[in-house]
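Here's the structure we're looking at; comments come further down.
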Amino acid sequence: MAESAPSLPREKRPEAEETPPQPAGRAVVTRHRLTLRQRLKRDRVMLLLTLPGLLYFVVFHYVPLLGYVVAFQDYQPYLGYMHSAWVGFANFTAAFSEPAFWTATFNTLEIALVQLVFFFPIPVALALLLNSITSDRVRRFVQSVVYLPHFIGWVIIVSIFQQILGGAGLLPDVLDGLGLPRYDMMSDPDAFPWLLTLQVAWKDAGWGTIIILAALLNIDRQQYEAAAIDGAGRARRLWHVTLPGIAPVLILLLILNLGQILSVGFEQILLQRDAVGPDAGEVLDTYVYYHGIKDNDWGVAAAVGLVKAVIGTALVLGANKFAHRLGHEGVYRGADR
């Protein structure tokens, strides 16, 4: 019997890398991390769409930050930034030592806190009421009505309130007809923060519902159905489904409002400052206007503006950090999230 030929050696193949066992029915997805150049090429259309907005913020928000150098100079417009004398922190010292600055600061905080406590919930409540309207035609009509005041200028709004609440307005005439003393709310210093809050609520409450209504649309309707099956009424569905669903948006809006707590409406207050007097109507924005524009004290005005910016930034960062501790994203995600 002939001997069989020896078998040829098989070509060695590289051993396959061992992969951990995967649960049955689960597909293994391999993700390749794209380079920066690949991501830019992939998202080039979206980046081009965001370019006008980016240019707007760069030109009108970031480039003007260089003007804060005036806060450390005895700035003279005809000399410019390069030739004005440097005074260090003298402008800050001059502002902090002036009683009018602290009066303006107190008035600003008082107005801001009143608006934060009493105005912030109004768009939320209005959005919940609009969301509960079942008729689309009625809801659109109500939305159009409450949006319109946002597009009216402050000059017109103050004039309307003057005709209603002013000394010769409708309310004093009604009180006089009832045998009660006439009351001019427009010139009452004690009622000034409440008057401003009432005007802001009438003007911007409807406009503030847009973001909240968008957040309400993102809530899964199956959650309401499951809650109703479990026997939850309207109040419990509102508390356990609706409010947790819009909580991230509410926290975001609250943080942004804290960043603007020292800016309470320049034009609105400037139009009514003389009626109540500087002791009640002077805020930081009008203080900067009268010192920077009227008195040509550019350094002190810039110093106060810089203090406002620093405090607003600190409040945003602090509130955002607190939101992270509560388990929310806030304005931006933390590095460890």
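Chain labels A, B, ... are given in the sequence in which chains occur in the structure tokens; within each chain residues are numbered consecutively from 1, and ligands are likewise numbered from 1 in the order shown.
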
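With only C-alpha atoms taken into account, the protein and nucleic acid residues at most 8 Å from Ile219 (chain A) (excluding it and anything under 4 positions from it in its own chain) are Ala215, Gln223, Thr242, Gly245 and Ile246 of chain A.
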
Enumerate, in order of chain and increasing residue number, the residues of region 243-301 of chain A with an atom no farther than 7 Å from region 105-123 of chain A, each with its shortest atom pair and distance in Å to one decimal, counting only C-alpha atoms, as CSV.
```
residue,atom,partner,partner_atom,distance
A:Ile261,CA,A:Ala112,CA,5.6
A:Leu262,CA,A:Thr108,CA,6.1
A:Val264,CA,A:Ala112,CA,6.2
A:Ala280,CA,A:Asn107,CA,6.5
A:Glu282,CA,A:Asn107,CA,6.8
A:Val283,CA,A:Thr108,CA,5.0
A:Leu284,CA,A:Thr105,CA,6.0
```

Could you take the residues named above and write them with C-alpha atoms, as a tab-separated table (two decimals), in the first residue's frame?
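And here's out_24.tsv as it stands now:
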```tsv
chain	number	residue	atom	x	y	z
A	261	ILE	CA	-31.34	90.47	38.27
A	262	LEU	CA	-29.51	93.82	38.25
A	264	VAL	CA	-34.77	95.62	35.59
A	280	ALA	CA	-37.57	105.40	44.64
A	282	GLU	CA	-33.23	105.37	40.58
A	283	VAL	CA	-31.84	101.95	39.60
A	284	LEU	CA	-28.37	100.93	38.47
```

Problem - Atomic distance CA of Phe89 (chain A) - CA of Phe57 (chain A), expressed in Å with one decimal - result: 28.6 Å

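Within the 9 Å cut-off around Ala309 (chain A), using only C-alpha atoms and omitting residues fewer than 4 positions from it on the same chain, the listed residues are A:Gly259, A:Gln260, A:Leu262, A:Val304, A:Gly305, A:Thr313, A:Ala314.
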
Could you write those residues out with N, CA, C and O atoms, as a short mmCIF file (atom, residue, chain, number, x, y, z; two decimals), in the first residue's frame?
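Result file out.cif:
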```cif
data_model
loop_
_atom_site.label_atom_id
_atom_site.label_comp_id
_atom_site.auth_asym_id
_atom_site.auth_seq_id
_atom_site.Cartn_x
_atom_site.Cartn_y
_atom_site.Cartn_z
N GLY A 259 -29.24 85.90 36.27
CA GLY A 259 -28.13 86.61 35.64
C GLY A 259 -28.47 88.03 35.27
O GLY A 259 -27.58 88.88 35.13
N GLN A 260 -29.76 88.34 35.10
CA GLN A 260 -30.20 89.68 34.74
C GLN A 260 -30.90 90.38 35.90
O GLN A 260 -31.70 91.29 35.69
N LEU A 262 -29.87 92.41 38.07
CA LEU A 262 -29.51 93.82 38.25
C LEU A 262 -29.90 94.68 37.06
O LEU A 262 -29.55 95.86 37.02
N VAL A 304 -19.53 100.77 37.36
CA VAL A 304 -20.79 100.20 37.83
C VAL A 304 -21.28 99.12 36.86
O VAL A 304 -21.78 98.07 37.28
N GLY A 305 -21.13 99.36 35.57
CA GLY A 305 -21.51 98.34 34.60
C GLY A 305 -20.69 97.07 34.74
O GLY A 305 -21.22 95.96 34.60
N THR A 313 -22.69 87.28 36.31
CA THR A 313 -21.97 86.05 35.95
C THR A 313 -21.83 85.12 37.15
O THR A 313 -22.03 83.89 37.03
N ALA A 314 -21.52 85.68 38.32
CA ALA A 314 -21.38 84.86 39.52
C ALA A 314 -22.70 84.20 39.89
O ALA A 314 -22.73 83.02 40.30
#
```

Can you tell me, as a JSON list (two decimals) with N, CA, C and O atoms, in the first residue's frame, which residues in region 185-268 of chain A count as alpha helix (DSSP H) by DSSP?
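Output saved as result.json:
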```
[["chain", "number", "residue", "atom", "x", "y", "z"],
["A", 192, "PHE", "N", -44.18, 101.84, 43.59],
["A", 192, "PHE", "CA", -43.45, 101.83, 42.33],
["A", 192, "PHE", "C", -42.98, 100.43, 41.92],
["A", 192, "PHE", "O", -43.15, 100.04, 40.76],
["A", 193, "PRO", "N", -42.38, 99.61, 42.83],
["A", 193, "PRO", "CA", -42.01, 98.24, 42.39],
["A", 193, "PRO", "C", -43.19, 97.41, 41.93],
["A", 193, "PRO", "O", -43.08, 96.63, 40.98],
["A", 194, "TRP", "N", -44.33, 97.57, 42.59],
["A", 194, "TRP", "CA", -45.52, 96.80, 42.20],
["A", 194, "TRP", "C", -46.10, 97.31, 40.89],
["A", 194, "TRP", "O", -46.61, 96.52, 40.08],
["A", 195, "LEU", "N", -46.00, 98.61, 40.65],
["A", 195, "LEU", "CA", -46.45, 99.16, 39.39],
["A", 195, "LEU", "C", -45.61, 98.63, 38.23],
["A", 195, "LEU", "O", -46.15, 98.22, 37.19],
["A", 196, "LEU", "N", -44.29, 98.58, 38.41],
["A", 196, "LEU", "CA", -43.41, 98.05, 37.36],
["A", 196, "LEU", "C", -43.71, 96.58, 37.10],
["A", 196, "LEU", "O", -43.72, 96.13, 35.94],
["A", 197, "THR", "N", -43.94, 95.81, 38.16],
["A", 197, "THR", "CA", -44.24, 94.39, 38.00],
["A", 197, "THR", "C", -45.55, 94.19, 37.27],
["A", 197, "THR", "O", -45.67, 93.30, 36.41],
["A", 198, "LEU", "N", -46.54, 95.02, 37.57],
["A", 198, "LEU", "CA", -47.83, 94.93, 36.88],
["A", 198, "LEU", "C", -47.67, 95.24, 35.40],
["A", 198, "LEU", "O", -48.26, 94.56, 34.54],
["A", 199, "GLN", "N", -46.87, 96.24, 35.07],
["A", 199, "GLN", "CA", -46.66, 96.58, 33.67],
["A", 199, "GLN", "C", -45.91, 95.47, 32.93],
["A", 199, "GLN", "O", -46.26, 95.13, 31.79],
["A", 200, "VAL", "N", -44.88, 94.91, 33.57],
["A", 200, "VAL", "CA", -44.13, 93.82, 32.93],
["A", 200, "VAL", "C", -45.01, 92.60, 32.73],
["A", 200, "VAL", "O", -44.94, 91.93, 31.69],
["A", 201, "ALA", "N", -45.85, 92.30, 33.73],
["A", 201, "ALA", "CA", -46.74, 91.14, 33.60],
["A", 201, "ALA", "C", -47.72, 91.32, 32.45],
["A", 201, "ALA", "O", -47.98, 90.38, 31.68],
["A", 202, "TRP", "N", -48.27, 92.54, 32.31],
["A", 202, "TRP", "CA", -49.22, 92.76, 31.22],
["A", 202, "TRP", "C", -48.52, 92.72, 29.86],
["A", 202, "TRP", "O", -49.10, 92.25, 28.87],
["A", 203, "LYS", "N", -47.30, 93.16, 29.79],
["A", 203, "LYS", "CA", -46.59, 93.25, 28.52],
["A", 203, "LYS", "C", -45.98, 91.91, 28.09],
["A", 203, "LYS", "O", -46.08, 91.52, 26.92],
["A", 204, "ASP", "N", -45.36, 91.18, 29.01],
["A", 204, "ASP", "CA", -44.52, 90.04, 28.62],
["A", 204, "ASP", "C", -45.00, 88.69, 29.14],
["A", 204, "ASP", "O", -44.32, 87.69, 28.92],
["A", 209, "THR", "N", -44.81, 82.62, 27.68],
["A", 209, "THR", "CA", -45.40, 81.28, 27.63],
["A", 209, "THR", "C", -44.89, 80.45, 26.46],
["A", 209, "THR", "O", -45.13, 79.24, 26.42],
["A", 210, "ILE", "N", -44.20, 81.06, 25.51],
["A", 210, "ILE", "CA", -43.80, 80.33, 24.29],
["A", 210, "ILE", "C", -42.89, 79.15, 24.64],
["A", 210, "ILE", "O", -43.11, 78.01, 24.21],
["A", 211, "ILE", "N", -41.84, 79.42, 25.42],
["A", 211, "ILE", "CA", -40.89, 78.36, 25.76],
["A", 211, "ILE", "C", -41.56, 77.30, 26.63],
["A", 211, "ILE", "O", -41.32, 76.09, 26.46],
["A", 212, "ILE", "N", -42.43, 77.73, 27.55],
["A", 212, "ILE", "CA", -43.07, 76.77, 28.44],
["A", 212, "ILE", "C", -44.06, 75.89, 27.68],
["A", 212, "ILE", "O", -44.16, 74.68, 27.93],
["A", 213, "LEU", "N", -44.78, 76.47, 26.73],
["A", 213, "LEU", "CA", -45.68, 75.66, 25.90],
["A", 213, "LEU", "C", -44.90, 74.64, 25.07],
["A", 213, "LEU", "O", -45.36, 73.51, 24.89],
["A", 214, "ALA", "N", -43.74, 75.03, 24.58],
["A", 214, "ALA", "CA", -42.90, 74.07, 23.84],
["A", 214, "ALA", "C", -42.46, 72.93, 24.74],
["A", 214, "ALA", "O", -42.39, 71.77, 24.33],
["A", 215, "ALA", "N", -42.14, 73.25, 26.01],
["A", 215, "ALA", "CA", -41.75, 72.21, 26.95],
["A", 215, "ALA", "C", -42.92, 71.28, 27.28],
["A", 215, "ALA", "O", -42.75, 70.07, 27.44],
["A", 216, "LEU", "N", -44.13, 71.83, 27.34],
["A", 216, "LEU", "CA", -45.30, 71.00, 27.61],
["A", 216, "LEU", "C", -45.57, 70.02, 26.47],
["A", 216, "LEU", "O", -46.05, 68.90, 26.71],
["A", 217, "LEU", "N", -45.27, 70.43, 25.24],
["A", 217, "LEU", "CA", -45.49, 69.53, 24.10],
["A", 217, "LEU", "C", -44.54, 68.35, 24.11],
["A", 217, "LEU", "O", -44.83, 67.32, 23.48],
["A", 221, "ARG", "N", -47.52, 61.88, 26.29],
["A", 221, "ARG", "CA", -48.93, 61.80, 26.66],
["A", 221, "ARG", "C", -49.28, 60.48, 27.34],
["A", 221, "ARG", "O", -50.30, 60.39, 28.03],
["A", 222, "GLN", "N", -48.48, 59.46, 27.13],
["A", 222, "GLN", "CA", -48.75, 58.18, 27.79],
["A", 222, "GLN", "C", -48.61, 58.28, 29.31],
["A", 222, "GLN", "O", -49.23, 57.52, 30.05],
["A", 223, "GLN", "N", -47.79, 59.24, 29.77],
["A", 223, "GLN", "CA", -47.67, 59.44, 31.21],
["A", 223, "GLN", "C", -48.99, 59.93, 31.80],
["A", 223, "GLN", "O", -49.39, 59.51, 32.89],
["A", 224, "TYR", "N", -49.67, 60.83, 31.09],
["A", 224, "TYR", "CA", -50.98, 61.30, 31.57],
["A", 224, "TYR", "C", -51.99, 60.15, 31.56],
["A", 224, "TYR", "O", -52.79, 60.02, 32.50],
["A", 225, "GLU", "N", -51.94, 59.33, 30.51],
["A", 225, "GLU", "CA", -52.88, 58.21, 30.44],
["A", 225, "GLU", "C", -52.62, 57.20, 31.56],
["A", 225, "GLU", "O", -53.57, 56.70, 32.18],
["A", 226, "ALA", "N", -51.34, 56.93, 31.81],
["A", 226, "ALA", "CA", -51.03, 56.00, 32.90],
["A", 226, "ALA", "C", -51.44, 56.55, 34.25],
["A", 226, "ALA", "O", -51.96, 55.84, 35.11],
["A", 227, "ALA", "N", -51.22, 57.85, 34.44],
["A", 227, "ALA", "CA", -51.62, 58.47, 35.71],
["A", 227, "ALA", "C", -53.13, 58.46, 35.87],
["A", 227, "ALA", "O", -53.65, 58.24, 36.97],
["A", 228, "ALA", "N", -53.87, 58.70, 34.78],
["A", 228, "ALA", "CA", -55.33, 58.66, 34.86],
["A", 228, "ALA", "C", -55.83, 57.26, 35.16],
["A", 228, "ALA", "O", -56.80, 57.08, 35.92],
["A", 229, "ILE", "N", -55.18, 56.25, 34.57],
["A", 229, "ILE", "CA", -55.58, 54.86, 34.84],
["A", 229, "ILE", "C", -55.35, 54.52, 36.31],
["A", 229, "ILE", "O", -56.13, 53.79, 36.94],
["A", 234, "ARG", "N", -56.76, 65.69, 38.17],
["A", 234, "ARG", "CA", -56.06, 66.76, 37.47],
["A", 234, "ARG", "C", -54.94, 67.34, 38.31],
["A", 234, "ARG", "O", -53.84, 67.60, 37.80],
["A", 235, "ALA", "N", -55.22, 67.56, 39.59],
["A", 235, "ALA", "CA", -54.20, 68.17, 40.46],
["A", 235, "ALA", "C", -52.99, 67.26, 40.60],
["A", 235, "ALA", "O", -51.84, 67.72, 40.54],
["A", 236, "ARG", "N", -53.22, 65.98, 40.78],
["A", 236, "ARG", "CA", -52.09, 65.06, 40.94],
["A", 236, "ARG", "C", -51.33, 64.87, 39.64],
["A", 236, "ARG", "O", -50.11, 64.72, 39.64],
["A", 237, "ARG", "N", -52.04, 64.88, 38.50],
["A", 237, "ARG", "CA", -51.33, 64.80, 37.22],
["A", 237, "ARG", "C", -50.49, 66.04, 36.99],
["A", 237, "ARG", "O", -49.38, 65.97, 36.44],
["A", 243, "LEU", "N", -45.45, 69.28, 36.08],
["A", 243, "LEU", "CA", -44.37, 70.09, 36.66],
["A", 243, "LEU", "C", -43.01, 69.40, 36.56],
["A", 243, "LEU", "O", -42.03, 70.06, 36.21],
["A", 244, "PRO", "N", -42.88, 68.09, 36.85],
["A", 244, "PRO", "CA", -41.57, 67.46, 36.63],
["A", 244, "PRO", "C", -41.14, 67.47, 35.16],
["A", 244, "PRO", "O", -39.95, 67.54, 34.86],
["A", 245, "GLY", "N", -42.11, 67.45, 34.24],
["A", 245, "GLY", "CA", -41.76, 67.46, 32.82],
["A", 245, "GLY", "C", -41.19, 68.78, 32.35],
["A", 245, "GLY", "O", -40.34, 68.81, 31.45],
["A", 246, "ILE", "N", -41.65, 69.88, 32.93],
["A", 246, "ILE", "CA", -41.16, 71.20, 32.52],
["A", 246, "ILE", "C", -40.15, 71.76, 33.52],
["A", 246, "ILE", "O", -39.69, 72.91, 33.35],
["A", 247, "ALA", "N", -39.78, 70.99, 34.54],
["A", 247, "ALA", "CA", -38.84, 71.48, 35.55],
["A", 247, "ALA", "C", -37.49, 71.90, 34.96],
["A", 247, "ALA", "O", -36.96, 72.95, 35.35],
["A", 248, "PRO", "N", -36.88, 71.13, 34.03],
["A", 248, "PRO", "CA", -35.60, 71.59, 33.47],
["A", 248, "PRO", "C", -35.69, 72.95, 32.78],
["A", 248, "PRO", "O", -34.78, 73.79, 32.91],
["A", 249, "VAL", "N", -36.79, 73.20, 32.07],
["A", 249, "VAL", "CA", -36.95, 74.48, 31.39],
["A", 249, "VAL", "C", -37.15, 75.60, 32.41],
["A", 249, "VAL", "O", -36.61, 76.71, 32.27],
["A", 250, "LEU", "N", -37.93, 75.34, 33.46],
["A", 250, "LEU", "CA", -38.16, 76.35, 34.49],
["A", 250, "LEU", "C", -36.86, 76.70, 35.20],
["A", 250, "LEU", "O", -36.60, 77.88, 35.49],
["A", 251, "ILE", "N", -36.04, 75.70, 35.48],
["A", 251, "ILE", "CA", -34.76, 75.97, 36.13],
["A", 251, "ILE", "C", -33.85, 76.77, 35.22],
["A", 251, "ILE", "O", -33.15, 77.70, 35.66],
["A", 252, "LEU", "N", -33.85, 76.45, 33.93],
["A", 252, "LEU", "CA", -33.04, 77.21, 32.96],
["A", 252, "LEU", "C", -33.48, 78.67, 32.93],
["A", 252, "LEU", "O", -32.64, 79.59, 32.98],
["A", 253, "LEU", "N", -34.79, 78.92, 32.86],
["A", 253, "LEU", "CA", -35.28, 80.29, 32.82],
["A", 253, "LEU", "C", -34.98, 81.02, 34.13],
["A", 253, "LEU", "O", -34.64, 82.22, 34.12],
["A", 254, "LEU", "N", -35.06, 80.32, 35.24],
["A", 254, "LEU", "CA", -34.78, 80.95, 36.53],
["A", 254, "LEU", "C", -33.32, 81.35, 36.63],
["A", 254, "LEU", "O", -32.99, 82.44, 37.12],
["A", 255, "ILE", "N", -32.42, 80.50, 36.14],
["A", 255, "ILE", "CA", -31.00, 80.83, 36.17],
["A", 255, "ILE", "C", -30.70, 82.04, 35.30],
["A", 255, "ILE", "O", -29.95, 82.94, 35.68],
["A", 256, "LEU", "N", -31.31, 82.08, 34.11],
["A", 256, "LEU", "CA", -31.09, 83.22, 33.22],
["A", 256, "LEU", "C", -31.65, 84.50, 33.82],
["A", 256, "LEU", "O", -31.06, 85.58, 33.66],
["A", 257, "ASN", "N", -32.78, 84.41, 34.52],
["A", 257, "ASN", "CA", -33.33, 85.59, 35.18],
["A", 257, "ASN", "C", -32.42, 86.08, 36.31],
["A", 257, "ASN", "O", -32.30, 87.29, 36.55],
["A", 258, "LEU", "N", -31.78, 85.15, 37.01],
["A", 258, "LEU", "CA", -30.85, 85.55, 38.06],
["A", 258, "LEU", "C", -29.66, 86.30, 37.47],
["A", 258, "LEU", "O", -29.14, 87.22, 38.09],
["A", 259, "GLY", "N", -29.24, 85.90, 36.27],
["A", 259, "GLY", "CA", -28.13, 86.61, 35.64],
["A", 259, "GLY", "C", -28.47, 88.03, 35.27],
["A", 259, "GLY", "O", -27.58, 88.88, 35.13],
["A", 266, "PHE", "N", -34.47, 99.42, 31.64],
["A", 266, "PHE", "CA", -34.00, 100.80, 31.60],
["A", 266, "PHE", "C", -35.06, 101.75, 31.07],
["A", 266, "PHE", "O", -35.40, 102.76, 31.71],
["A", 267, "GLU", "N", -35.60, 101.46, 29.90],
["A", 267, "GLU", "CA", -36.55, 102.39, 29.27],
["A", 267, "GLU", "C", -37.81, 102.54, 30.09],
["A", 267, "GLU", "O", -38.33, 103.65, 30.27],
["A", 268, "GLN", "N", -38.32, 101.43, 30.63],
["A", 268, "GLN", "CA", -39.54, 101.49, 31.43],
["A", 268, "GLN", "C", -39.38, 102.38, 32.65],
["A", 268, "GLN", "O", -40.26, 103.20, 32.97]]
```

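With CA of His291 (chain A) on one side and CA of Glu98 (chain A) on the other, the separation reads 11.8 Å.
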
Handout entry: Residues within 10 Å of Gly167 (chain A), only C-alpha atoms, excluding chain neighbours under 5 positions, as a ChimeraX atom specification
Key = /A:162,172-173,182-187

Write the selection just made, keeping N, CA and C atoms, as a PDB file, in the first residue's frame?
```pdb
ATOM      1  N   GLN A 162     -50.922 105.458  32.569  1.00  0.00           N
ATOM      2  CA  GLN A 162     -51.159 106.803  33.071  1.00  0.00           C
ATOM      3  C   GLN A 162     -52.625 107.188  32.926  1.00  0.00           C
ATOM      4  N   PRO A 172     -58.734 106.905  39.728  1.00  0.00           N
ATOM      5  CA  PRO A 172     -59.080 107.990  40.661  1.00  0.00           C
ATOM      6  C   PRO A 172     -60.494 108.524  40.466  1.00  0.00           C
ATOM      7  N   ASP A 173     -60.966 108.556  39.221  1.00  0.00           N
ATOM      8  CA  ASP A 173     -62.331 109.019  38.991  1.00  0.00           C
ATOM      9  C   ASP A 173     -63.353 108.054  39.587  1.00  0.00           C
ATOM     10  N   ARG A 182     -59.047 110.129  46.210  1.00  0.00           N
ATOM     11  CA  ARG A 182     -58.368 109.838  44.946  1.00  0.00           C
ATOM     12  C   ARG A 182     -56.967 109.297  45.230  1.00  0.00           C
ATOM     13  N   TYR A 183     -56.553 108.379  44.366  1.00  0.00           N
ATOM     14  CA  TYR A 183     -55.248 107.740  44.567  1.00  0.00           C
ATOM     15  C   TYR A 183     -54.507 107.720  43.247  1.00  0.00           C
ATOM     16  N   ASP A 184     -53.301 108.284  43.249  1.00  0.00           N
ATOM     17  CA  ASP A 184     -52.451 108.329  42.053  1.00  0.00           C
ATOM     18  C   ASP A 184     -51.330 107.319  42.234  1.00  0.00           C
ATOM     19  N   MET A 185     -51.500 106.142  41.668  1.00  0.00           N
ATOM     20  CA  MET A 185     -50.507 105.083  41.805  1.00  0.00           C
ATOM     21  C   MET A 185     -49.233 105.389  41.025  1.00  0.00           C
ATOM     22  N   MET A 186     -49.352 106.155  39.954  1.00  0.00           N
ATOM     23  CA  MET A 186     -48.203 106.426  39.100  1.00  0.00           C
ATOM     24  C   MET A 186     -47.166 107.304  39.789  1.00  0.00           C
ATOM     25  N   SER A 187     -47.544 108.033  40.824  1.00  0.00           N
ATOM     26  CA  SER A 187     -46.607 108.906  41.532  1.00  0.00           C
ATOM     27  C   SER A 187     -46.389 108.473  42.979  1.00  0.00           C
TER      28      SER A 187
END
```

Exercise for the section: Quick one: pull the distance between CA of Gly330 (chain A) and CA of Val310 (chain A), Å, one decimal. Expected result: 19.2 Å
